[in-house]
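A.B. asks: First, the structure itself, so that you have it in front of you.
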Amino acid sequence: MSLTHMFTSVASSLSFFIFVSSAVFAKEIKVCPNCEKASITQAIKTAQPGDTLLVGKGIYQEHDIRIDKPLTLIGQDLPLIDARGKGYGFKIYADSVALIGFKFVNVGVSYTSDFAAIYTSRIHHFRFENNRFENVFFGFLIEKSHNGIIKNNTIMGNAVKEYSSGNGIHLWHSSKIQIQDNHIEKMRDGIYFEFVKHSIIQRNKSRNNLRYGLHFMFSNDDRYENNIFEKNGAGVAVMFSKNISMRKNIFRLNWGTASYGLLLKEINDAEIIDNTFEQNTIGVNVEGSNRINYENNNFINNGWAIRFLGACYGNKLLRNNFLHNALDVSYKGMMNGNLFDKNYWSSYAGYDLDKDNIGDVPYRPVKLFSYIVNRTPETIILLRSLFVDIINFSEKVSPIFTPDNLQDFHPIMTPIKYHD
Amino acid sequence: MFKILKYSFFDLMRSRWSYVYFLFYLILGFILFFLNNDVTKAVITLLNIIIVLTPLIGTIFGVMYYYSSREFTELLLAQPLKRSTIFLGQYLGLSLSLALSLIVGLGIPFILYGIFQSSAILDFATLLLIGGYLTFIFVALAFNIALSFNDKIKGFGFSILLWLFLAVIYDGIFLLSMVFFHDYPLDKFALGATMFNPIDLSRILILLKLDISALLGYTGAVFQKFFGTSMGMILSLCILSFWVILPTFFLVKKAQIKDF
């Protein structure tokens, strides 16, 4: 036997051994109420890293289930984890954990700890899919974890008071998380981000939440697309963050005295493109936000389409549709390099003699009344009175009070249509 | 009084202007539905029209009717009738016929387009109630003015001025004072100032019933807190009634001492 031959045979047998061993050690363990292993907690204790637990249909009255090794847990026919109000559902402290197809109920309300159905701390590479949550305090609580996927989960809360309810998906100090196709209702905040980086929120539905559908704090370089935020107590808030991309989202029916479609505070270098803001009290409320591009958005039937509260520099509004809003734009202060150009305004009454689809007279989106209301909020009480119509008209004819440069010099004559 | 009421009511019902007024609301209602099939939105549009138009029509009709039926009034005065019955009868006859034009004129299109199946029925009822109130208030005010001036032109002038004041100028002063004193808490002031003007009061009452009230923000919250309770609602209806009763009272007083 030649040396090379011996070497290859050893190598092949070695690789065969590794293959077999991994197949041998990565067992499938069955858990079900009538099986040998009836408790998930016990099954996890005896499992080896890399094993798969197949959890059968049934009710598991367990809480604080600790996972401290890489495991895959698959629920078959939606096994029910009932925490009976005593604590967390799963507490995960190991990398490479997957939880698929479970139903969680009765995760208890606490005023001292944040009980969550699924809690992770300092882990990498996790995957939570197809789970259902009902009557839970927090749905997901992800702390200092990275590279994860949270997909296709349904969280149905029944939050009544802000102080006694938790968030649907709560992320803290995490990065590279993908949150996709989830459906969240009636929690405090639907999705909450604090110090979260390089993450993506896609195709989620967040409705009827007590406070915000989506809440961003100190989270940079994130992206959210194709989400629907509907009927949330205060809409969506994005605060103190940089480089956020918001595309193709729908913000609807966030209606109430303190409701916004989208609340921006201290946001720099963001893009807001292809979104729809429909029937919100305030479509977009902007404060202290700089260099944001608003392009191709639809603002339909809002109270205020967009409200600038000051300290906003270098924002560009290009090619948006403003359709039938009670007040299109409310503005404070100087122009500060903000730009309105080539938008469609449904209340534009100018003409287009050369038929190039661009109005020949500039449009002034700020009505005198909205200017006055911004200075003295109490005057809103005169909304829809004849006097207000008269002063708006006279201001339109000869502007005196509203900022002189606040004009759209190229208002489009027909609503802009976009391709999806 | 009832007989006089009946006479002036039927007299007015036969007159061309009542028909014009009735047809105006009828056509307006149908056009609103033709342009937009949504009952709720139609109510919002109507709000603007009713707030401005019913007081104006009430004022003009009131003055016009008084001056044009002067001879008939003098004839009645020669009969053994109490003055209060004559003038109250005429006043109620006119107000009722105007209110009827409004209610029937708007009621028909709204019923045809299914107001009874709509959730806006209560808003619509409030709107009609307030339209009725405004008619009664402004006809009474107009009669007062007409009784005070024998000169037609003066009477017309003053009544238009009164309408202009309550519909426009009052709000202007209101707005200016709020802008001027914006360093002070203004909620209570705003609440009080709306109470003193029937047009403002009506506008707020209807606005608070509609979705759009969310726009009013925290000032609106103060109003909602006040008008939202049954107490506030009763109080504001009382004030509107007061606006009817007070001018009517002066009308009777004035009629009794006037030299014809």
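Naming works like this for the structure tokens: A, B, ... for the chains as they're shown, residue 1 at the start of each chain, ligands 1 onward in shown order.
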Up to 8 Å from chain A, what residues of chain B turn up? Count only C-alpha atoms and give them as a PyMOL selection string.

C.D. replies: chain B and resi 48+52+167-169+171-172+175+178-179+182+186-187+190+200+203-204+212+214-221

A.B. asks: Generate the output file for the selected residues, N, CA, C and O atoms, as a compact mmCIF listing (two decimals), in the first residue's frame.

C.D. replies:
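The resulting selection.txt:
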# COMPACT_ATOMS: atom_id res chain seq x y z
N ASN B 48 -70.70 73.39 6.37
CA ASN B 48 -70.26 74.72 5.94
C ASN B 48 -71.42 75.54 5.40
O ASN B 48 -71.54 76.72 5.67
N VAL B 52 -73.40 79.00 7.29
CA VAL B 52 -73.37 80.32 6.67
C VAL B 52 -74.74 80.72 6.15
O VAL B 52 -75.20 81.84 6.33
N ALA B 167 -71.28 86.12 11.66
CA ALA B 167 -70.70 85.08 10.83
C ALA B 167 -69.22 85.30 10.56
O ALA B 167 -68.46 84.34 10.45
N VAL B 168 -68.80 86.55 10.45
CA VAL B 168 -67.42 86.81 10.04
C VAL B 168 -66.65 87.65 11.04
O VAL B 168 -65.61 87.23 11.56
N ILE B 169 -67.16 88.85 11.34
CA ILE B 169 -66.37 89.80 12.11
C ILE B 169 -66.07 89.27 13.52
O ILE B 169 -64.95 89.39 14.02
N ASP B 171 -65.66 86.25 14.49
CA ASP B 171 -64.56 85.30 14.41
C ASP B 171 -63.22 85.99 14.21
O ASP B 171 -62.19 85.56 14.73
N GLY B 172 -63.27 87.08 13.45
CA GLY B 172 -62.05 87.84 13.22
C GLY B 172 -61.51 88.42 14.51
O GLY B 172 -60.32 88.28 14.82
N LEU B 175 -60.22 85.60 16.66
CA LEU B 175 -58.92 85.11 16.21
C LEU B 175 -57.82 86.07 16.59
O LEU B 175 -56.78 85.68 17.14
N MET B 178 -57.01 85.96 20.20
CA MET B 178 -56.26 84.77 20.58
C MET B 178 -54.80 84.86 20.16
O MET B 178 -53.90 84.46 20.89
N VAL B 179 -54.56 85.42 18.97
CA VAL B 179 -53.18 85.56 18.51
C VAL B 179 -52.46 86.56 19.40
O VAL B 179 -51.31 86.37 19.79
N HIS B 182 -51.61 85.09 22.98
CA HIS B 182 -51.29 83.67 22.93
C HIS B 182 -50.34 83.21 24.02
O HIS B 182 -50.09 82.02 24.16
N LEU B 186 -55.68 79.93 26.87
CA LEU B 186 -56.81 80.47 26.13
C LEU B 186 -58.01 79.53 26.05
O LEU B 186 -59.03 79.88 25.48
N ASP B 187 -57.87 78.32 26.61
CA ASP B 187 -58.93 77.32 26.44
C ASP B 187 -60.27 77.83 26.95
O ASP B 187 -61.28 77.78 26.26
N ALA B 190 -61.63 80.62 24.85
CA ALA B 190 -62.18 80.14 23.59
C ALA B 190 -63.55 79.52 23.81
O ALA B 190 -64.49 79.75 23.04
N ASP B 200 -70.92 80.21 15.92
CA ASP B 200 -69.75 79.47 16.40
C ASP B 200 -70.15 78.26 17.22
O ASP B 200 -69.58 77.18 17.07
N ARG B 203 -71.34 75.57 14.97
CA ARG B 203 -70.21 74.99 14.22
C ARG B 203 -69.46 73.98 15.10
O ARG B 203 -69.18 72.86 14.68
N ILE B 204 -69.15 74.40 16.32
CA ILE B 204 -68.40 73.52 17.22
C ILE B 204 -69.21 72.28 17.57
O ILE B 204 -68.69 71.16 17.59
N ILE B 212 -63.56 64.80 12.24
CA ILE B 212 -62.60 65.88 12.06
C ILE B 212 -62.25 66.53 13.39
O ILE B 212 -61.26 67.24 13.51
N ALA B 214 -60.80 65.38 15.74
CA ALA B 214 -59.45 65.01 16.17
C ALA B 214 -58.44 66.09 15.80
O ALA B 214 -57.42 66.26 16.47
N LEU B 215 -58.75 66.85 14.76
CA LEU B 215 -57.84 67.92 14.34
C LEU B 215 -57.74 69.01 15.39
O LEU B 215 -56.77 69.74 15.43
N LEU B 216 -58.77 69.12 16.19
CA LEU B 216 -58.79 70.23 17.14
C LEU B 216 -57.75 70.08 18.24
O LEU B 216 -57.52 71.00 18.99
N GLY B 217 -57.13 68.90 18.32
CA GLY B 217 -56.03 68.71 19.24
C GLY B 217 -56.44 68.93 20.68
O GLY B 217 -57.55 68.60 21.07
N TYR B 218 -55.53 69.48 21.47
CA TYR B 218 -55.83 69.55 22.89
C TYR B 218 -56.85 70.63 23.23
O TYR B 218 -57.56 70.54 24.21
N THR B 219 -56.92 71.67 22.39
CA THR B 219 -58.00 72.65 22.58
C THR B 219 -59.33 71.94 22.40
O THR B 219 -60.28 72.16 23.14
N GLY B 220 -59.35 71.07 21.37
CA GLY B 220 -60.55 70.30 21.11
C GLY B 220 -60.89 69.40 22.28
O GLY B 220 -62.05 69.19 22.60
N ALA B 221 -59.82 68.90 22.93
CA ALA B 221 -60.04 68.00 24.06
C ALA B 221 -60.80 68.73 25.17
O ALA B 221 -61.69 68.15 25.81

A.B. asks: Per DSSP on the backbone, filter region 77-142 of chain B down to the residues in helix (DSSP H, G or I) and report them as JSON, numbers by chain.

C.D. replies: {"B": [77, 83, 84, 85, 86, 87, 88, 89, 90, 91, 92, 93, 94, 95, 96, 97, 98, 99, 100, 101, 102, 103, 104, 105, 106, 107, 108, 109, 110, 111, 112, 121, 122, 123, 124, 125, 126, 127, 128, 129, 130, 131, 132, 133, 134, 135, 136, 137, 138, 139, 140, 141, 142]}

A.B. asks: Produce a file of the selected residues containing C-alpha atoms, as a compact mmCIF listing (two decimals), in the first residue's frame.

C.D. replies:
# COMPACT_ATOMS: atom_id res chain seq x y z
CA LEU B 77 -103.82 95.56 14.27
CA ARG B 83 -100.28 92.48 19.56
CA SER B 84 -98.20 89.66 20.92
CA THR B 85 -100.37 87.09 19.14
CA ILE B 86 -100.05 88.91 15.82
CA PHE B 87 -96.28 89.20 15.88
CA LEU B 88 -95.59 85.86 17.47
CA GLY B 89 -97.88 84.24 14.92
CA GLN B 90 -96.06 85.87 12.03
CA TYR B 91 -92.67 85.07 13.51
CA LEU B 92 -93.46 81.43 14.10
CA GLY B 93 -95.15 81.10 10.72
CA LEU B 94 -92.07 82.36 8.91
CA SER B 95 -89.55 80.42 10.99
CA LEU B 96 -91.52 77.21 10.67
CA SER B 97 -91.84 77.48 6.92
CA LEU B 98 -88.12 78.17 6.51
CA ALA B 99 -87.18 75.35 8.84
CA LEU B 100 -89.55 73.04 6.96
CA SER B 101 -87.95 73.96 3.63
CA LEU B 102 -84.57 73.12 5.10
CA ILE B 103 -85.59 69.85 6.71
CA VAL B 104 -87.70 68.53 3.85
CA GLY B 105 -85.35 69.85 1.16
CA LEU B 106 -82.35 68.09 2.67
CA GLY B 107 -84.30 65.21 4.11
CA ILE B 108 -85.55 63.86 0.79
CA PRO B 109 -82.17 63.30 -0.90
CA PHE B 110 -80.65 61.97 2.31
CA ILE B 111 -83.49 59.49 2.82
CA LEU B 112 -83.27 58.39 -0.80
CA ILE B 121 -77.95 59.55 11.05
CA LEU B 122 -77.20 61.17 14.39
CA ASP B 123 -74.85 63.72 12.84
CA PHE B 124 -77.43 64.51 10.22
CA ALA B 125 -80.15 64.94 12.85
CA THR B 126 -77.87 67.29 14.83
CA LEU B 127 -77.20 69.22 11.66
CA LEU B 128 -80.91 69.68 10.94
CA LEU B 129 -81.66 70.54 14.55
CA ILE B 130 -78.97 73.20 14.51
CA GLY B 131 -80.13 74.47 11.13
CA GLY B 132 -83.61 74.82 12.64
CA TYR B 133 -82.25 76.63 15.68
CA LEU B 134 -80.26 79.05 13.53
CA THR B 135 -83.35 79.80 11.45
CA PHE B 136 -85.43 80.61 14.52
CA ILE B 137 -82.65 82.72 16.04
CA PHE B 138 -81.96 84.82 12.99
CA VAL B 139 -85.59 85.36 12.01
CA ALA B 140 -86.24 86.64 15.54
CA LEU B 141 -83.23 88.96 15.34
CA ALA B 142 -84.36 90.20 11.93

A.B. asks: I'd like the contact shell of region 353-356 of chain A - 12 Å cut-off, only C-alpha atoms, skipping same-chain residues fewer than 4 positions apart - returned as a list in words.

C.D. replies: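 Selected residues are Asp360, Val361, His410, Pro411, Ile412, Met413 and Thr414 of chain A.
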
A.B. asks: Go ahead and save the residues from that selection, with all heavy atoms, as a short mmCIF file (atom, residue, chain, number, x, y, z; two decimals), in the first residue's frame.

C.D. replies:
data_model
loop_
_atom_site.label_atom_id
_atom_site.label_comp_id
_atom_site.auth_asym_id
_atom_site.auth_seq_id
_atom_site.Cartn_x
_atom_site.Cartn_y
_atom_site.Cartn_z
N ASP A 360 -48.20 76.78 -14.37
CA ASP A 360 -47.41 77.96 -14.69
C ASP A 360 -47.25 78.90 -13.50
O ASP A 360 -46.36 79.73 -13.49
CB ASP A 360 -48.07 78.72 -15.85
CG ASP A 360 -48.11 77.87 -17.10
OD1 ASP A 360 -47.41 76.82 -17.10
OD2 ASP A 360 -48.82 78.21 -18.06
N VAL A 361 -48.13 78.77 -12.50
CA VAL A 361 -48.00 79.62 -11.31
C VAL A 361 -47.53 78.73 -10.16
O VAL A 361 -48.04 77.63 -10.00
CB VAL A 361 -49.34 80.25 -10.90
CG1 VAL A 361 -49.22 81.73 -10.77
CG2 VAL A 361 -50.46 79.85 -11.82
N HIS A 410 -42.90 74.19 -9.38
CA HIS A 410 -43.33 73.36 -10.51
C HIS A 410 -44.41 72.39 -10.10
O HIS A 410 -44.19 71.18 -10.11
CB HIS A 410 -42.13 72.59 -11.09
CG HIS A 410 -40.97 73.47 -11.43
ND1 HIS A 410 -39.89 73.62 -10.59
CD2 HIS A 410 -40.75 74.26 -12.50
CE1 HIS A 410 -39.04 74.47 -11.14
NE2 HIS A 410 -39.53 74.87 -12.29
N PRO A 411 -45.58 72.89 -9.69
CA PRO A 411 -46.64 71.95 -9.30
C PRO A 411 -47.13 71.15 -10.50
O PRO A 411 -47.32 71.70 -11.58
CB PRO A 411 -47.75 72.87 -8.77
CG PRO A 411 -47.49 74.17 -9.43
CD PRO A 411 -46.03 74.28 -9.64
N ILE A 412 -47.28 69.86 -10.31
CA ILE A 412 -47.72 68.99 -11.41
C ILE A 412 -49.25 69.11 -11.52
O ILE A 412 -49.94 69.29 -10.53
CB ILE A 412 -47.32 67.53 -11.11
CG1 ILE A 412 -45.81 67.46 -10.83
CG2 ILE A 412 -47.69 66.60 -12.23
CD1 ILE A 412 -44.92 67.70 -12.00
N MET A 413 -49.76 68.99 -12.72
CA MET A 413 -51.19 69.21 -12.94
C MET A 413 -52.05 67.98 -12.69
O MET A 413 -53.22 68.09 -12.38
CB MET A 413 -51.44 69.70 -14.38
CG MET A 413 -50.82 71.04 -14.70
SD MET A 413 -51.40 72.36 -13.62
CE MET A 413 -53.07 72.57 -14.22
N THR A 414 -51.51 66.80 -12.87
CA THR A 414 -52.31 65.58 -12.67
C THR A 414 -51.61 64.71 -11.62
O THR A 414 -50.39 64.72 -11.52
CB THR A 414 -52.43 64.77 -13.97
OG1 THR A 414 -51.14 64.64 -14.53
CG2 THR A 414 -53.35 65.44 -14.96
#

A.B. asks: So that I can see what lies close to Ser236 (chain B), please list as a list in words the residues with an atom at most 9 Å from it, counting only C-alpha atoms and leaving out residues fewer than 5 positions away in the same chain.

C.D. replies: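 Listing them by chain and then by number gives Met195, Leu201, Ser202, Leu205, Phe227, Met231 and Ser241 of chain B.
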
A.B. asks: For C-alpha atoms, I'd like the residues from the last selection saved as a PDB file, in the first residue's frame.

C.D. replies:
ATOM      1  CA  MET B 195     -70.802  80.287  23.656  1.00  0.00           C
ATOM      2  CA  LEU B 201     -71.568  77.382  18.922  1.00  0.00           C
ATOM      3  CA  SER B 202     -73.406  75.503  16.184  1.00  0.00           C
ATOM      4  CA  LEU B 205     -71.338  71.329  18.168  1.00  0.00           C
ATOM      5  CA  PHE B 227     -69.633  69.288  25.087  1.00  0.00           C
ATOM      6  CA  MET B 231     -74.285  68.371  30.833  1.00  0.00           C
ATOM      7  CA  SER B 241     -82.743  78.143  23.092  1.00  0.00           C
TER       8      SER B 241
END

A.B. asks: Can you tell me, as JSON, numbers by chain, what residues are no more than 7 Å from region 126-141 of chain A when counting only C-alpha atoms, ignoring any on the same chain fewer than 2 positions away?

C.D. replies: {"A": [95, 96, 97, 98, 99, 100, 101, 102, 103, 104, 105, 106, 107, 108, 109, 114, 115, 116, 117, 118, 119, 120, 124, 143, 147, 148, 149, 150, 151, 152, 153, 154, 155, 156, 157, 158, 165, 166, 167, 168, 169, 170, 171]}

A.B. asks: Step one, run DSSP on the backbone; step two, keep only residues of region 88-250 of chain A assigned to strand (DSSP E or B); then write them as a ChimeraX atom specification.

C.D. replies: /A:90-92,98-100,103-105,116-121,124-129,132-134,138-143,146-151,154-156,169-180,183-185,191-197,200-202,205-207,212-217,223-225,228-230,235-242,245-247,250

A.B. asks: Env of Leu309 (chain A): 7 Å cut, atoms = only C-alpha atoms, seq-sep filter 2 positions within chain, self excluded. Answer as a list in words.

C.D. replies: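 Near neighbours after the sequence-gap exclusion: Val286, Glu287, Arg307, Tyr331 and Lys332 of chain A.
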
A.B. asks: For the residues selected in the previous step, produce a file with C-alpha atoms as a compact mmCIF listing (two decimals), in the first residue's frame.

C.D. replies:
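The result, stored in selection21.txt:
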# COMPACT_ATOMS: atom_id res chain seq x y z
CA VAL A 286 -41.35 66.41 11.61
CA GLU A 287 -39.19 67.94 14.30
CA ARG A 307 -46.21 69.31 9.67
CA TYR A 331 -44.58 75.18 8.67
CA LYS A 332 -42.62 77.15 11.19

A.B. asks: Figure out the distance between CA of Thr402 (chain A) and CA of Gly337 (chain A), please, to one decimal in Å.

C.D. replies: 16.2 Å

A.B. asks: At most 6 Å is the cut-off: for each residue in region 254-284 of chain A with any atom that close to an atom of region 288-296 of chain A, write down the nearest atom pair and the distance in Å rounded to one decimal, counting only C-alpha atoms, chain first then increasing number, as CSV.

C.D. replies:
residue,atom,partner,partner_atom,distance
A:Lys265,CA,A:Gly288,CA,5.8
A:Glu266,CA,A:Ser289,CA,4.8
A:Ile267,CA,A:Ser289,CA,4.6
A:Asn268,CA,A:Asn290,CA,4.9
A:Asp269,CA,A:Arg291,CA,4.9
A:Ala270,CA,A:Ile292,CA,4.8
A:Glu271,CA,A:Asn293,CA,4.9
A:Ile272,CA,A:Tyr294,CA,4.8
A:Ile273,CA,A:Glu295,CA,4.8
A:Asp274,CA,A:Asn296,CA,4.9

A.B. asks: Select, from B:Ile115, B:Ile199, B:Leu164, B:Met1, the residue with the minimum atom-to-atom distance to Ile50 (chain B), counting only C-alpha atoms.

C.D. replies: B:Ile199

A.B. asks: Tell me which of B:Ile57, B:Ala193, B:Ile27, B:Ala146 sits closest to Tyr170 (chain B), counting only C-alpha atoms.

C.D. replies: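 Checking each candidate against Tyr170 (chain B), we get B:Ala193 as the closest.
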
A.B. asks: Which residues come within 7 Å of Asn320 (chain A), counting only C-alpha atoms, excluding same-chain residues fewer than 3 positions away, as JSON, numbers by chain?

C.D. replies: {"A": [295, 296, 297, 298, 317, 343, 344]}

A.B. asks: Hey, which of A:Asn285, A:Asn338, A:Asn275, A:Gln202 ends up closest to Pro403 (chain A)? Count only C-alpha atoms.

C.D. replies: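 Ranking A:Asn285, A:Asn338, A:Asn275, A:Gln202 by distance to Pro403 (chain A), first place goes to A:Asn338.
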